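Participant: File follows, work-v9.cif with mmCIF, C-alpha atoms:
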```
data_final
loop_
_atom_site.label_atom_id
_atom_site.label_comp_id
_atom_site.auth_asym_id
_atom_site.auth_seq_id
_atom_site.Cartn_x
_atom_site.Cartn_y
_atom_site.Cartn_z
CA MET P 1 195.59 -289.33 75.60
CA LYS P 2 192.61 -287.44 76.95
CA LYS P 3 191.77 -288.16 80.59
CA ILE P 4 188.25 -289.57 80.76
CA ILE P 5 188.25 -291.49 84.04
CA ASN P 6 188.52 -289.66 87.37
CA ILE P 7 189.38 -291.79 90.39
CA HIS P 8 187.77 -289.72 93.09
CA ALA P 9 188.05 -289.72 96.89
CA ASP P 10 185.38 -288.09 99.03
CA ASP P 11 185.74 -286.68 102.58
CA PHE P 12 189.08 -284.89 102.29
CA GLY P 13 189.33 -282.31 105.07
CA ILE P 14 186.66 -283.80 107.30
CA GLY P 15 189.26 -285.19 109.69
CA ASN P 16 193.05 -284.96 109.75
CA GLU P 17 193.68 -288.72 109.78
CA ILE P 18 191.22 -289.18 106.93
CA THR P 19 192.92 -286.40 104.98
CA ASP P 20 196.34 -287.99 105.49
CA ASN P 21 195.09 -291.39 104.33
CA ILE P 22 193.63 -289.86 101.16
CA LEU P 23 196.93 -288.03 100.57
CA ASP P 24 198.69 -291.38 100.75
CA CYS P 25 196.35 -292.68 98.03
CA ILE P 26 197.12 -289.63 95.88
CA ASN P 27 200.86 -290.13 96.27
CA SER P 28 200.94 -293.90 95.73
CA GLY P 29 197.65 -294.66 94.01
CA SER P 30 195.47 -293.59 91.12
CA VAL P 31 193.48 -290.81 92.81
CA ASN P 32 193.34 -287.70 90.62
CA SER P 33 190.28 -286.03 92.10
CA ILE P 34 189.09 -285.23 95.64
CA SER P 35 186.21 -283.54 97.45
CA ILE P 36 186.85 -281.40 100.50
CA VAL P 37 184.45 -280.93 103.42
CA CYS P 38 184.44 -277.44 104.93
CA ASN P 39 182.11 -277.65 107.95
CA THR P 40 184.51 -279.22 110.47
CA ASN P 41 187.42 -277.79 112.43
CA ASN P 42 189.78 -279.81 110.23
CA PHE P 43 189.05 -277.90 107.00
CA LYS P 44 192.07 -275.61 107.37
CA TYR P 45 194.37 -278.63 107.69
CA GLY P 46 192.78 -280.08 104.53
CA ILE P 47 193.37 -276.87 102.56
CA GLU P 48 196.99 -276.73 103.73
CA LYS P 49 197.57 -280.32 102.68
CA TYR P 50 195.86 -279.81 99.32
CA THR P 51 198.11 -276.86 98.47
CA SER P 52 201.15 -279.03 99.24
CA ILE P 53 200.23 -281.76 96.75
CA PRO P 54 202.96 -281.73 94.08
CA LYS P 55 200.82 -283.00 91.20
CA LYS P 56 197.73 -281.25 89.92
CA ILE P 57 194.48 -282.96 90.85
CA ARG P 58 190.84 -281.91 90.63
CA LEU P 59 189.32 -280.34 93.76
CA CYS P 60 185.58 -280.28 94.46
CA LEU P 61 183.56 -278.87 97.34
CA HIS P 62 181.78 -281.67 99.20
CA LEU P 63 178.61 -279.97 100.41
CA ASN P 64 177.66 -281.46 103.77
CA LEU P 65 174.07 -281.27 105.02
CA VAL P 66 174.01 -284.54 106.95
CA GLU P 67 177.05 -284.87 109.21
CA GLY P 68 178.39 -282.67 111.98
CA LYS P 69 177.35 -279.07 112.55
CA PRO P 70 176.51 -276.42 109.94
CA ILE P 71 178.58 -273.33 109.26
CA SER P 72 175.48 -271.19 109.69
CA SER P 73 174.30 -270.29 113.17
CA LYS P 74 171.83 -272.66 114.81
CA GLU P 75 169.17 -269.94 114.59
CA GLU P 76 169.64 -269.60 110.82
CA VAL P 77 169.10 -273.32 110.19
CA ASN P 78 167.01 -274.38 113.18
CA LEU P 79 164.69 -276.56 111.08
CA ILE P 80 167.46 -278.92 109.94
CA VAL P 81 169.54 -279.38 113.11
CA ASP P 82 168.93 -281.21 116.40
CA LYS P 83 169.27 -279.90 119.96
CA SER P 84 173.03 -280.43 119.92
CA GLY P 85 173.34 -278.37 116.74
CA GLU P 86 174.15 -281.29 114.40
CA PHE P 87 172.36 -281.92 111.13
CA LYS P 88 169.50 -284.27 111.94
CA TYR P 89 168.11 -285.63 108.67
CA SER P 90 169.08 -288.43 106.30
CA PHE P 91 168.59 -288.14 102.54
CA LEU P 92 165.09 -289.64 102.55
CA SER P 93 163.92 -288.16 105.88
CA LEU P 94 164.87 -284.61 104.80
CA TRP P 95 163.09 -285.04 101.48
CA LEU P 96 160.00 -286.43 103.25
CA PHE P 97 160.10 -283.65 105.86
CA TYR P 98 160.00 -281.13 103.02
CA ILE P 99 157.25 -282.92 101.08
CA LEU P 100 154.96 -283.10 104.12
CA ALA P 101 155.58 -279.50 105.22
CA SER P 102 153.14 -276.67 104.66
CA LYS P 103 153.78 -274.22 101.84
CA ALA P 104 155.13 -271.63 104.29
CA LYS P 105 157.36 -274.19 106.00
CA LYS P 106 158.64 -275.48 102.65
CA ARG P 107 159.79 -271.94 101.88
CA LYS P 108 161.61 -271.72 105.23
CA ILE P 109 163.28 -275.10 104.79
CA SER P 110 164.47 -274.13 101.29
CA GLU P 111 165.75 -270.77 102.56
CA GLN P 112 167.71 -272.45 105.37
CA ILE P 113 169.24 -275.04 103.04
CA LYS P 114 170.19 -272.32 100.55
CA THR P 115 171.75 -270.25 103.36
CA GLU P 116 173.91 -273.16 104.49
CA ILE P 117 174.99 -274.06 100.95
CA ASP P 118 175.81 -270.41 100.29
CA ASN P 119 177.88 -270.20 103.49
CA GLN P 120 179.77 -273.41 102.68
CA ILE P 121 180.61 -272.18 99.18
CA ASP P 122 181.72 -268.80 100.57
CA LYS P 123 183.99 -270.47 103.14
CA TYR P 124 185.47 -272.68 100.44
CA LYS P 125 186.05 -269.77 98.05
CA ASN P 126 187.75 -267.72 100.77
CA ALA P 127 190.18 -270.58 101.43
CA ILE P 128 191.27 -271.36 97.88
CA ASN P 129 192.75 -269.47 94.95
CA SER P 130 190.11 -267.14 93.53
CA ASN P 131 190.73 -268.56 90.04
CA THR P 132 189.87 -272.13 91.10
CA PRO P 133 186.65 -273.32 89.39
CA ILE P 134 183.74 -274.12 91.74
CA LEU P 135 183.07 -277.83 91.36
CA ILE P 136 180.26 -279.24 93.52
CA ASP P 137 179.26 -282.65 94.84
CA SER P 138 177.79 -283.60 98.21
CA HIS P 139 177.91 -285.94 101.16
CA MET P 140 175.57 -288.87 100.42
CA HIS P 141 174.37 -287.14 97.23
CA PHE P 142 172.14 -284.67 99.11
CA HIS P 143 172.41 -282.19 96.24
CA MET P 144 170.12 -284.47 94.19
CA ILE P 145 167.12 -283.95 96.48
CA PRO P 146 164.92 -281.86 94.15
CA PHE P 147 164.39 -278.81 96.37
CA ILE P 148 168.08 -278.78 97.32
CA PHE P 149 169.11 -279.05 93.67
CA LYS P 150 166.88 -276.08 92.92
CA SER P 151 168.51 -274.09 95.76
CA LEU P 152 171.96 -274.97 94.43
CA LEU P 153 171.09 -273.81 90.92
CA GLY P 154 169.72 -270.62 92.46
CA LEU P 155 173.26 -269.87 93.64
CA HIS P 156 174.86 -270.43 90.23
CA GLU P 157 174.73 -266.81 89.17
CA LYS P 158 176.39 -265.65 92.41
CA HIS P 159 179.10 -268.29 92.59
CA LYS P 160 179.57 -269.22 88.89
CA ILE P 161 179.38 -272.95 89.59
CA ASP P 162 181.43 -274.78 86.96
CA PHE P 163 180.57 -278.43 87.68
CA ILE P 164 177.97 -280.50 89.56
CA ARG P 165 178.32 -284.25 90.12
CA ASN P 166 175.97 -286.45 88.12
CA PRO P 167 175.34 -289.74 90.03
CA LEU P 168 174.04 -291.60 86.96
CA GLU P 169 175.32 -295.17 87.35
CA LEU P 170 174.53 -298.00 84.94
CA LYS P 171 173.67 -301.39 86.43
CA TYR P 172 176.53 -303.84 86.20
CA PHE P 173 176.73 -307.59 86.77
CA TYR P 174 179.16 -307.69 89.69
CA GLY P 175 177.12 -305.08 91.56
CA PHE P 176 174.05 -307.30 91.27
CA THR P 177 175.87 -310.25 92.86
CA LYS P 178 176.29 -308.22 96.06
CA ILE P 179 172.70 -307.05 96.44
CA LYS P 180 171.33 -310.15 98.17
CA ASN P 181 174.07 -309.96 100.79
CA TYR P 182 174.27 -306.40 102.07
CA LEU P 183 173.69 -303.78 99.41
CA ALA P 184 169.94 -303.90 98.68
CA LEU P 185 169.57 -300.35 100.01
CA ASN P 186 172.22 -299.17 97.54
CA PHE P 187 170.28 -300.79 94.71
CA ILE P 188 167.19 -298.77 95.67
CA LYS P 189 169.28 -295.60 95.99
CA ASN P 190 170.80 -296.27 92.56
CA ILE P 191 167.33 -296.42 90.98
CA LEU P 192 166.28 -293.23 92.77
CA LEU P 193 169.43 -291.27 91.92
CA ASN P 194 169.29 -292.35 88.28
CA HIS P 195 165.70 -291.11 88.08
CA LEU P 196 166.63 -287.78 89.66
CA SER P 197 169.69 -287.47 87.44
CA LYS P 198 167.71 -287.90 84.22
CA LYS P 199 165.14 -285.39 85.42
CA TYR P 200 167.30 -282.64 86.92
CA ILE P 201 170.90 -282.74 85.64
CA ARG P 202 169.76 -281.38 82.28
CA ARG P 203 168.69 -278.21 84.10
CA ALA P 204 172.29 -277.70 85.21
CA LYS P 205 173.51 -278.25 81.66
CA GLU P 206 171.03 -275.63 80.39
CA LEU P 207 172.81 -273.12 82.66
CA GLY P 208 176.17 -274.08 81.19
CA ILE P 209 177.22 -276.14 84.22
CA LYS P 210 179.40 -279.14 83.34
CA THR P 211 178.71 -282.66 84.63
CA ASN P 212 180.27 -286.10 84.29
CA ASP P 213 178.55 -288.49 81.85
CA PHE P 214 178.57 -291.53 84.12
CA PHE P 215 179.26 -292.36 87.73
CA VAL P 216 180.50 -295.49 89.52
CA GLY P 217 180.13 -295.77 93.26
CA VAL P 218 176.48 -296.03 94.36
CA LEU P 219 175.75 -299.74 94.00
CA SER P 220 178.90 -300.69 95.93
CA THR P 221 179.44 -297.52 97.92
CA GLY P 222 181.78 -298.05 100.85
CA ARG P 223 182.84 -301.47 99.53
CA MET P 224 184.35 -300.70 96.14
CA SER P 225 186.56 -303.38 94.61
CA TYR P 226 188.58 -304.08 91.47
CA LYS P 227 185.76 -306.29 90.15
CA ASP P 228 183.19 -303.54 90.74
CA VAL P 229 185.16 -301.06 88.67
CA ASP P 230 185.96 -303.55 85.90
CA SER P 231 182.32 -304.67 85.63
CA ALA P 232 180.98 -301.10 85.78
CA LEU P 233 183.36 -299.78 83.10
CA SER P 234 182.57 -302.78 80.89
CA SER P 235 178.86 -301.92 81.23
CA ILE P 236 179.55 -298.31 80.19
CA GLN P 237 181.70 -299.49 77.27
CA ARG P 238 178.81 -301.54 75.89
CA LYS P 239 176.55 -298.49 75.94
CA GLN P 240 178.67 -295.70 74.49
CA LYS P 241 182.02 -293.91 74.55
CA PRO P 242 181.77 -291.39 77.39
CA LYS P 243 183.58 -288.09 77.69
CA SER P 244 183.89 -288.33 81.48
CA ILE P 245 183.41 -290.94 84.21
CA ASP P 246 183.76 -290.36 87.94
CA ILE P 247 184.61 -293.43 90.05
CA LEU P 248 184.04 -292.85 93.75
CA PHE P 249 186.07 -294.32 96.60
CA HIS P 250 186.13 -293.58 100.32
CA PRO P 251 189.71 -294.54 101.22
CA GLY P 252 190.01 -292.16 104.17
CA GLY P 253 189.48 -293.82 107.52
CA VAL P 254 190.54 -293.75 111.14
CA LYS P 255 192.20 -296.40 113.30
CA ASN P 256 190.14 -295.49 116.33
CA LYS P 257 186.64 -294.02 116.15
CA GLU P 258 187.33 -292.20 119.42
CA SER P 259 189.49 -289.79 117.40
CA ILE P 260 186.44 -288.49 115.49
CA ASP P 261 185.58 -285.07 116.90
CA TRP P 262 183.04 -283.67 114.42
CA THR P 263 180.10 -286.03 115.02
CA LYS P 264 178.75 -288.35 117.67
CA LYS P 265 176.42 -290.31 115.39
CA ASN P 266 177.27 -294.00 115.58
CA ALA P 267 176.64 -294.74 111.89
CA PHE P 268 179.39 -292.33 110.88
CA LEU P 269 181.74 -293.50 113.64
CA GLN P 270 181.38 -297.08 112.42
CA TYR P 271 181.81 -296.09 108.78
CA TYR P 272 185.09 -294.22 109.17
CA SER P 273 186.59 -296.87 111.43
CA SER P 274 185.49 -299.79 109.19
CA ILE P 275 188.10 -302.10 107.66
CA GLU P 276 186.49 -301.28 104.32
CA ARG P 277 188.21 -297.88 104.33
CA LYS P 278 191.59 -299.63 104.33
CA ASN P 279 190.39 -302.17 101.77
CA GLU P 280 189.37 -299.41 99.35
CA SER P 281 192.71 -297.70 99.86
CA GLN P 282 194.52 -300.92 98.93
CA VAL P 283 192.43 -301.30 95.77
CA ILE P 284 193.43 -297.82 94.58
CA LYS P 285 197.13 -298.42 95.22
CA ASP P 286 197.28 -301.82 93.53
CA ASP P 287 199.20 -301.97 90.22
CA ASN P 288 196.54 -304.23 88.69
CA PHE P 289 193.93 -301.54 89.34
CA LYS P 290 196.13 -298.88 87.76
CA SER P 291 196.56 -301.10 84.70
CA LEU P 292 192.80 -301.61 84.53
CA ILE P 293 192.17 -297.86 84.43
CA GLN P 294 194.82 -297.39 81.76
CA LYS P 295 193.22 -300.12 79.66
CA TYR P 296 189.81 -298.45 79.73
CA GLU P 297 191.31 -295.03 79.08
CA VAL P 298 192.71 -296.45 75.82
CA ILE P 299 189.38 -298.07 74.95
CA PHE P 300 187.36 -294.89 75.57
CA ASN P 301 189.87 -292.72 73.69
CA ASN P 302 189.76 -294.88 70.55
#
```
I'd like the structure from this file rewritten - as structure tokens, please.
Facilitator:
Amino acid sequence: MKKIINIHADDFGIGNEITDNILDCINSGSVNSISIVCNTNNFKYGIEKYTSIPKKIRLCLHLNLVEGKPISSKEEVNLIVDKSGEFKYSFLSLWLFYILASKAKKRKISEQIKTEIDNQIDKYKNAINSNTPILIDSHMHFHMIPFIFKSLLGLHEKHKIDFIRNPLELKYFYGFTKIKNYLALNFIKNILLNHLSKKYIRRAKELGIKTNDFFVGVLSTGRMSYKDVDSALSSIQRKQKPKSIDILFHPGGVKNKESIDWTKKNAFLQYYSSIERKNESQVIKDDNFKSLIQKYEVIFNN
């Protein structure tokens, strides 16, 4: 039976405890795909742990332009970092900063982003087997910001990028039930990412870069549940039979936020130490969830 559904975990390699928790999900859960972050001091540990995984799983580079410090020198990327040297912009604020910049400044911002992406890909390539395909996604979907997407495609010829994540997520009933409580921002981001996906992903395909057909993990990002996945896959089933679906979880967390050494930003400290990281890990490991994925694999293969 052809594998259509990838159960994916982001943030591998960003911190050692997070890496170990994701490894636990690989060994006892359904995770068959991970993204590794290369701009923290814990990247080497992540690579070592990845090479020790007994079963073959998909590995992607998780481009990071929002958290921690860049690989490039502060002087090379001075427009996108703060005084401490950390990345300083969110998804929307970086996009707005670019839009409002002068033509000359737009060029400098694009050059700095391209330099950092190039350096992250180079570091990743130097750490893995040279025959490993270059599969790309990004922290908080930054690669879908139009000028960043253009910079990424500009590096395709140099790095022979094989895959770029497509965040196209269909609306699904259970996701809507959460919106009024705490996920209204995710609903807005879902609309925006779907718009960008339909407009720009085709450009990647024209270059021969592969993408997933559908994505699950924006509407309920950080709070993914069995019901989310079931409802989302049912929504996809009603539309068409896909060739590939990526379902995103963030099961890596820390017991104590004081152990986080790559950023001092409170939003990230709270996120990694949230009980939701453990909750998502438990979803992945549950036998009922594994049976659910098997059921949809059969449906999509028939």
Participant: Rank P:Thr115, P:Ser90, P:Asn301, P:Thr19 by their smallest atom-to-atom distance to Val77 (chain P), using all atoms listed in the file, and report the top residue only.
Facilitator: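 Using all atoms listed in the file, Val77 (chain P) sits closest to P:Thr115.
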Participant: Write out as number ranges by chain the residues lying within 9 Å of region 184-194 of chain P, counting only C-alpha atoms and excluding same-chain residues fewer than 6 positions away.
Facilitator: P: 141, 144-145, 166-171, 175-176, 178, 218-221
Participant: Could you tell me, as a list in words, exactly which residues end up selected when the PyMOL selection byres ((chain P and resi 268) around 12) is applied to this structure?
Facilitator: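 Those residues are Asp11, Ile14, Val66, Glu67, Gly68, Ser90, His139, Met140, Gly222, Gly253, Val254, Lys257, Glu258, Ile260, Asp261, Trp262, Thr263, Lys264, Lys265, Asn266, Ala267, Leu269, Gln270, Tyr271, Tyr272, Ser273 and Ser274 of chain P.
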Participant: Could you write those residues out with C-alpha atoms, as an mmCIF file, in the coordinates of the input?
Facilitator:
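Final output, saved to out-v2.cif:
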```cif
data_model
loop_
_atom_site.group_PDB
_atom_site.id
_atom_site.type_symbol
_atom_site.label_atom_id
_atom_site.label_comp_id
_atom_site.auth_asym_id
_atom_site.auth_seq_id
_atom_site.Cartn_x
_atom_site.Cartn_y
_atom_site.Cartn_z
ATOM 1 C CA ASP P 11 185.740 -286.680 102.580
ATOM 2 C CA ILE P 14 186.660 -283.800 107.300
ATOM 3 C CA VAL P 66 174.010 -284.540 106.950
ATOM 4 C CA GLU P 67 177.050 -284.870 109.210
ATOM 5 C CA GLY P 68 178.390 -282.670 111.980
ATOM 6 C CA SER P 90 169.080 -288.430 106.300
ATOM 7 C CA HIS P 139 177.910 -285.940 101.160
ATOM 8 C CA MET P 140 175.570 -288.870 100.420
ATOM 9 C CA GLY P 222 181.780 -298.050 100.850
ATOM 10 C CA GLY P 253 189.480 -293.820 107.520
ATOM 11 C CA VAL P 254 190.540 -293.750 111.140
ATOM 12 C CA LYS P 257 186.640 -294.020 116.150
ATOM 13 C CA GLU P 258 187.330 -292.200 119.420
ATOM 14 C CA ILE P 260 186.440 -288.490 115.490
ATOM 15 C CA ASP P 261 185.580 -285.070 116.900
ATOM 16 C CA TRP P 262 183.040 -283.670 114.420
ATOM 17 C CA THR P 263 180.100 -286.030 115.020
ATOM 18 C CA LYS P 264 178.750 -288.350 117.670
ATOM 19 C CA LYS P 265 176.420 -290.310 115.390
ATOM 20 C CA ASN P 266 177.270 -294.000 115.580
ATOM 21 C CA ALA P 267 176.640 -294.740 111.890
ATOM 22 C CA LEU P 269 181.740 -293.500 113.640
ATOM 23 C CA GLN P 270 181.380 -297.080 112.420
ATOM 24 C CA TYR P 271 181.810 -296.090 108.780
ATOM 25 C CA TYR P 272 185.090 -294.220 109.170
ATOM 26 C CA SER P 273 186.590 -296.870 111.430
ATOM 27 C CA SER P 274 185.490 -299.790 109.190
#
```
Participant: I'd like the interatomic distance between CA of Ile161 (chain P) and CA of Asp20 (chain P), to a tenth of an Å.
Facilitator: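 The value is 27.7 Å.
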Participant: Hey, what's within 8 Å of region 205-210 of chain P if we count all atoms listed in the file and toss same-chain stuff fewer than 5 positions away? As a ChimeraX atom specification, please?
Facilitator: /P:161-164
